[in-house]
Amino acid sequence: MNFKEKLSKRIGIYDIREILHLTHQNDKRKQELYHLIFDKEYPVGYQAAWVCIHFSLEDNQWLFDKQDELINELLVCKHAGKRRVLLNLLYKHPFPNPPRVDFLDFCLERILSGVELPGVQALCMKIAYELCLPILELKQEFKITLEMMHDQLTPAICAVRKNLLKAILTSKTLQKF
């Protein structure tokens, strides 16, 4: 199967399952799919990332050492939908301590952005929490940021904010690998 050709068109769950079957336990095919995330054609890069979100736990671990490349792509991504998918993919990764400062800054900026999609805002909130969690000073600053957020929030963002404020009290991660 030619992944680029397949991903340049609209795909459904059966297409995703077919690609997952072809990439499972085949690092060469995984690498081929992974490289398409960076494709300049919007639908190809977006849909390649979308397929990777559906990786099994085992296959997702294959992406862990590619975290910096995924973050670099996120930082320059102009399409909100692809940003959301990349954030979703990154949320399934363990984060280093100390965190990458440019990535943390990106997330914090998007949390407070009035024009960002709610899905991107919510994922940025969750990721920023995980990045700040190991460092007490950052965790406190993040809590203050959340407490200041109260004007014109969507119900989804209010729910994420509420859950994160609860999580800060216990200092437990919300990620599942």
# chains A, B, ... in the order shown; residues from 1 in each chain; ligands from 1

$ residues_around --residues "Lys78 in chain A" --least-positions-apart "5" --cutoff "10 Å" --atoms "only C-alpha atoms" --output "JSON, numbers by chain"
{"A": [42, 73, 83]}

$ write_last_selection --atoms "all heavy atoms" --output "PDB file, in the first residue's frame"
ATOM      1  N   TYR A  42      -1.308  19.339   3.292  1.00  0.00           N
ATOM      2  CA  TYR A  42      -2.094  19.315   4.519  1.00  0.00           C
ATOM      3  C   TYR A  42      -2.775  17.969   4.801  1.00  0.00           C
ATOM      4  O   TYR A  42      -2.596  17.412   5.871  1.00  0.00           O
ATOM      5  CB  TYR A  42      -3.136  20.444   4.551  1.00  0.00           C
ATOM      6  CG  TYR A  42      -4.269  20.124   5.472  1.00  0.00           C
ATOM      7  CD1 TYR A  42      -4.073  20.119   6.847  1.00  0.00           C
ATOM      8  CD2 TYR A  42      -5.511  19.749   4.988  1.00  0.00           C
ATOM      9  CE1 TYR A  42      -5.098  19.777   7.711  1.00  0.00           C
ATOM     10  CE2 TYR A  42      -6.536  19.416   5.842  1.00  0.00           C
ATOM     11  CZ  TYR A  42      -6.326  19.422   7.197  1.00  0.00           C
ATOM     12  OH  TYR A  42      -7.336  19.069   8.041  1.00  0.00           O
ATOM     13  N   GLU A  73       7.557  20.079  14.973  1.00  0.00           N
ATOM     14  CA  GLU A  73       6.500  20.192  13.967  1.00  0.00           C
ATOM     15  C   GLU A  73       5.305  20.958  14.538  1.00  0.00           C
ATOM     16  O   GLU A  73       4.729  21.822  13.867  1.00  0.00           O
ATOM     17  CB  GLU A  73       6.058  18.804  13.492  1.00  0.00           C
ATOM     18  CG  GLU A  73       4.922  18.804  12.493  1.00  0.00           C
ATOM     19  CD  GLU A  73       5.275  19.382  11.123  1.00  0.00           C
ATOM     20  OE1 GLU A  73       6.459  19.659  10.843  1.00  0.00           O
ATOM     21  OE2 GLU A  73       4.341  19.564  10.314  1.00  0.00           O
ATOM     22  N   ARG A  83      -2.606  20.750  14.691  1.00  0.00           N
ATOM     23  CA  ARG A  83      -2.059  21.059  16.020  1.00  0.00           C
ATOM     24  C   ARG A  83      -2.747  20.206  17.086  1.00  0.00           C
ATOM     25  O   ARG A  83      -2.110  19.652  17.968  1.00  0.00           O
ATOM     26  CB  ARG A  83      -2.254  22.543  16.356  1.00  0.00           C
ATOM     27  CG  ARG A  83      -1.107  23.417  16.015  1.00  0.00           C
ATOM     28  CD  ARG A  83      -1.150  24.771  16.691  1.00  0.00           C
ATOM     29  NE  ARG A  83      -2.393  25.485  16.595  1.00  0.00           N
ATOM     30  CZ  ARG A  83      -2.745  26.260  15.578  1.00  0.00           C
ATOM     31  NH1 ARG A  83      -1.935  26.413  14.552  1.00  0.00           N
ATOM     32  NH2 ARG A  83      -3.898  26.895  15.588  1.00  0.00           N
TER      33      ARG A  83
END

$ residues_around --residues "Gln67 in chain A" --least-positions-apart "3" --cutoff "12 Å" --atoms "only C-alpha atoms" --output "CSV table (one decimal) with N, CA, C and O atoms, in the first residue's frame"
chain,number,residue,atom,x,y,z
A,34,TYR,N,5.4,7.6,9.8
A,34,TYR,CA,5.8,8.7,10.6
A,34,TYR,C,6.3,9.9,9.7
A,34,TYR,O,6.0,11.1,10.0
A,60,ASN,N,2.9,2.9,20.1
A,60,ASN,CA,3.0,4.3,20.5
A,60,ASN,C,4.4,4.5,21.2
A,60,ASN,O,5.0,5.5,21.0
A,61,GLN,N,4.9,3.5,21.9
A,61,GLN,CA,6.2,3.6,22.5
A,61,GLN,C,7.3,3.8,21.5
A,61,GLN,O,8.3,4.4,21.8
A,62,TRP,N,7.1,3.3,20.3
A,62,TRP,CA,8.1,3.5,19.2
A,62,TRP,C,8.3,5.0,18.9
A,62,TRP,O,9.3,5.4,18.5
A,63,LEU,N,7.2,5.8,19.2
A,63,LEU,CA,7.3,7.2,18.9
A,63,LEU,C,8.0,8.0,20.0
A,63,LEU,O,8.3,9.2,19.8
A,64,PHE,N,8.2,7.4,21.2
A,64,PHE,CA,8.7,8.2,22.3
A,64,PHE,C,10.0,8.9,22.0
A,64,PHE,O,10.2,10.0,22.4
A,70,LEU,N,8.4,15.8,16.9
A,70,LEU,CA,7.0,16.0,16.9
A,70,LEU,C,6.7,17.4,17.5
A,70,LEU,O,5.8,18.2,17.0
A,71,ILE,N,7.4,17.8,18.5
A,71,ILE,CA,7.2,19.1,19.2
A,71,ILE,C,7.7,20.2,18.2
A,71,ILE,O,7.0,21.2,18.0
A,72,ASN,N,8.8,19.9,17.5
A,72,ASN,CA,9.2,20.9,16.5
A,72,ASN,C,8.2,21.1,15.4
A,72,ASN,O,8.0,22.3,15.0
A,73,GLU,N,7.6,20.1,15.0
A,73,GLU,CA,6.5,20.2,14.0
A,73,GLU,C,5.3,21.0,14.5
A,73,GLU,O,4.7,21.8,13.9
A,74,LEU,N,5.0,20.7,15.8
A,74,LEU,CA,3.8,21.4,16.4
A,74,LEU,C,4.1,22.9,16.5
A,74,LEU,O,3.2,23.7,16.2
A,86,LEU,N,-1.5,16.6,16.8
A,86,LEU,CA,-0.2,16.5,17.3
A,86,LEU,C,-0.1,16.6,18.8
A,86,LEU,O,0.6,15.8,19.5
A,87,LEU,N,-0.9,17.5,19.4
A,87,LEU,CA,-1.0,17.6,20.9
A,87,LEU,C,-1.5,16.3,21.5
A,87,LEU,O,-1.0,15.8,22.5
A,89,LEU,N,-1.3,13.3,20.2
A,89,LEU,CA,-0.2,12.3,20.1
A,89,LEU,C,0.8,12.5,21.1
A,89,LEU,O,1.3,11.6,21.8
A,90,LEU,N,1.2,13.8,21.4
A,90,LEU,CA,2.3,14.1,22.4
A,90,LEU,C,1.8,13.8,23.8
A,90,LEU,O,2.6,13.4,24.6
A,91,TYR,N,0.5,14.0,24.0
A,91,TYR,CA,0.0,13.7,25.4
A,91,TYR,C,0.1,12.3,25.8
A,91,TYR,O,0.1,12.0,27.0
A,92,LYS,N,0.3,11.4,24.8
A,92,LYS,CA,0.5,10.0,25.1
A,92,LYS,C,2.0,9.6,25.4
A,92,LYS,O,2.3,8.5,25.5
A,93,HIS,N,2.8,10.7,25.5
A,93,HIS,CA,4.3,10.5,25.7
A,93,HIS,C,4.6,10.9,27.2
A,93,HIS,O,4.1,11.8,27.7
A,94,PRO,N,5.6,10.2,27.7
A,94,PRO,CA,6.2,10.7,29.0
A,94,PRO,C,7.0,12.0,28.7
A,94,PRO,O,7.6,12.1,27.6
A,95,PHE,N,6.9,13.0,29.6
A,95,PHE,CA,7.6,14.2,29.3
A,95,PHE,C,8.9,14.3,30.2
A,95,PHE,O,8.9,13.8,31.3
A,96,PRO,N,10.0,14.9,29.6
A,96,PRO,CA,11.2,14.9,30.4
A,96,PRO,C,11.2,16.0,31.5
A,96,PRO,O,10.3,16.9,31.5
A,99,PRO,N,11.3,20.2,31.6
A,99,PRO,CA,10.5,20.3,30.4
A,99,PRO,C,11.2,21.1,29.3
A,99,PRO,O,12.0,22.0,29.7
A,100,ARG,N,10.9,20.9,28.1
A,100,ARG,CA,11.4,21.8,27.0
A,100,ARG,C,10.7,23.1,27.2
A,100,ARG,O,9.4,23.2,27.1
A,103,PHE,N,8.3,24.3,24.4
A,103,PHE,CA,7.0,23.6,24.3
A,103,PHE,C,6.1,24.0,25.5
A,103,PHE,O,4.9,24.2,25.2

$ residues_around --residues "Leu174 in chain A" --least-positions-apart "2" --cutoff "10 Å" --atoms "only C-alpha atoms" --output "list of chain:residue names"
A:Tyr91, A:Lys126, A:Ile127, A:Tyr129, A:Glu130, A:Asn163, A:Leu164, A:Ala167, A:Ser171, A:Lys172, A:Lys176

$ residues_around --residues "Pro98 in chain A" --least-positions-apart "4" --cutoff "12 Å" --atoms "only C-alpha atoms" --output "VMD selection string"
chain A and resid 94 102 to 104 130 to 136 138

$ write_last_selection --atoms "N, CA and C atoms" --output "PDB file, in the first residue's frame"
ATOM      1  N   PRO A  94       5.629  10.208  27.731  1.00  0.00           N
ATOM      2  CA  PRO A  94       6.176  10.731  28.993  1.00  0.00           C
ATOM      3  C   PRO A  94       6.995  11.985  28.680  1.00  0.00           C
ATOM      4  N   ASP A 102      10.429  25.829  25.257  1.00  0.00           N
ATOM      5  CA  ASP A 102       9.644  26.343  24.133  1.00  0.00           C
ATOM      6  C   ASP A 102       8.298  25.632  24.021  1.00  0.00           C
ATOM      7  N   PHE A 103       8.270  24.347  24.369  1.00  0.00           N
ATOM      8  CA  PHE A 103       7.031  23.585  24.337  1.00  0.00           C
ATOM      9  C   PHE A 103       6.093  24.032  25.459  1.00  0.00           C
ATOM     10  N   LEU A 104       6.638  24.229  26.642  1.00  0.00           N
ATOM     11  CA  LEU A 104       5.833  24.722  27.760  1.00  0.00           C
ATOM     12  C   LEU A 104       5.278  26.117  27.435  1.00  0.00           C
ATOM     13  N   GLU A 130       1.219  18.520  33.080  1.00  0.00           N
ATOM     14  CA  GLU A 130       2.191  17.425  33.168  1.00  0.00           C
ATOM     15  C   GLU A 130       3.626  17.963  33.124  1.00  0.00           C
ATOM     16  N   LEU A 131       3.865  18.998  32.319  1.00  0.00           N
ATOM     17  CA  LEU A 131       5.203  19.579  32.227  1.00  0.00           C
ATOM     18  C   LEU A 131       5.593  20.300  33.519  1.00  0.00           C
ATOM     19  N   CYS A 132       4.622  20.933  34.170  1.00  0.00           N
ATOM     20  CA  CYS A 132       4.883  21.700  35.399  1.00  0.00           C
ATOM     21  C   CYS A 132       4.898  20.820  36.643  1.00  0.00           C
ATOM     22  N   LEU A 133       4.271  19.671  36.589  1.00  0.00           N
ATOM     23  CA  LEU A 133       4.078  18.809  37.762  1.00  0.00           C
ATOM     24  C   LEU A 133       5.340  18.512  38.567  1.00  0.00           C
ATOM     25  N   PRO A 134       6.457  18.151  37.937  1.00  0.00           N
ATOM     26  CA  PRO A 134       7.633  17.794  38.743  1.00  0.00           C
ATOM     27  C   PRO A 134       8.360  18.973  39.394  1.00  0.00           C
ATOM     28  N   ILE A 135       8.025  20.195  39.004  1.00  0.00           N
ATOM     29  CA  ILE A 135       8.752  21.364  39.506  1.00  0.00           C
ATOM     30  C   ILE A 135       7.778  22.230  40.308  1.00  0.00           C
ATOM     31  N   LEU A 136       7.968  22.276  41.615  1.00  0.00           N
ATOM     32  CA  LEU A 136       7.035  22.937  42.518  1.00  0.00           C
ATOM     33  C   LEU A 136       6.722  24.374  42.109  1.00  0.00           C
ATOM     34  N   LEU A 138       6.939  25.820  39.156  1.00  0.00           N
ATOM     35  CA  LEU A 138       6.141  25.843  37.929  1.00  0.00           C
ATOM     36  C   LEU A 138       4.708  25.401  38.204  1.00  0.00           C
TER      37      LEU A 138
END

$ closest_residue --among "A:Arg29, A:Ile16, A:Ile11, A:Gly81" --to "Phe55 in chain A" --atoms "only C-alpha atoms"
A:Ile16

$ residues_around --residues "Gln121 in chain A" --least-positions-apart "4" --cutoff "9 Å" --atoms "only C-alpha atoms" --output "list in words"
Arg84, Cys107, Arg110, Ile111, Leu112, Ser113, Glu116, Leu117, Met125, Lys126 and Ile157 of chain A

$ write_last_selection --atoms "C-alpha atoms" --output "mmCIF file, in the first residue's frame"
data_model
loop_
_atom_site.group_PDB
_atom_site.id
_atom_site.type_symbol
_atom_site.label_atom_id
_atom_site.label_comp_id
_atom_site.auth_asym_id
_atom_site.auth_seq_id
_atom_site.Cartn_x
_atom_site.Cartn_y
_atom_site.Cartn_z
ATOM 1 C CA ARG A 84 -4.833 19.308 17.952
ATOM 2 C CA CYS A 107 1.154 25.399 25.688
ATOM 3 C CA ARG A 110 -2.438 28.567 23.729
ATOM 4 C CA ILE A 111 -4.230 28.171 27.065
ATOM 5 C CA LEU A 112 -4.760 31.905 27.265
ATOM 6 C CA SER A 113 -5.444 32.390 23.554
ATOM 7 C CA GLU A 116 -7.483 28.830 19.687
ATOM 8 C CA LEU A 117 -9.826 25.874 19.250
ATOM 9 C CA MET A 125 -3.816 22.742 29.612
ATOM 10 C CA LYS A 126 -3.322 19.025 30.246
ATOM 11 C CA ILE A 157 -12.495 24.211 29.138
#

$ atom_distance --atom1 "CA of Lys143 in chain A" --atom2 "CA of Leu165 in chain A"
6.8 Å

$ atom_distance --atom1 "CA of Ile53 in chain A" --atom2 "CA of Met149 in chain A"
29.1 Å

$ residues_around --residues "Asp59 in chain A" --least-positions-apart "6" --cutoff "10 Å" --atoms "only C-alpha atoms" --output "MDAnalysis selection string"
chainID A and resid 20 23:27 30 52

$ atom_distance --atom1 "CA of Asp151 in chain A" --atom2 "CA of Gly114 in chain A"
10.4 Å

$ closest_residue --among "A:Phe38, A:Val115, A:Ala159, A:Thr170" --to "Lys139 in chain A" --atoms "only C-alpha atoms"
A:Thr170

$ residues_around --residues "Asp15 in chain A" --least-positions-apart "3" --cutoff "12 Å" --atoms "only C-alpha atoms" --output "NGL selection string"
:A and (1 or 3 or 6-7 or 9-12 or 18-22 or 47-48 or 50-51 or 54)

$ select_by_dssp --residues "range 71-143 of chain A" --states "alpha helix (DSSP H)" --output "ChimeraX atom specification"
/A:71-76,80-91,101-112,118-132,136-143
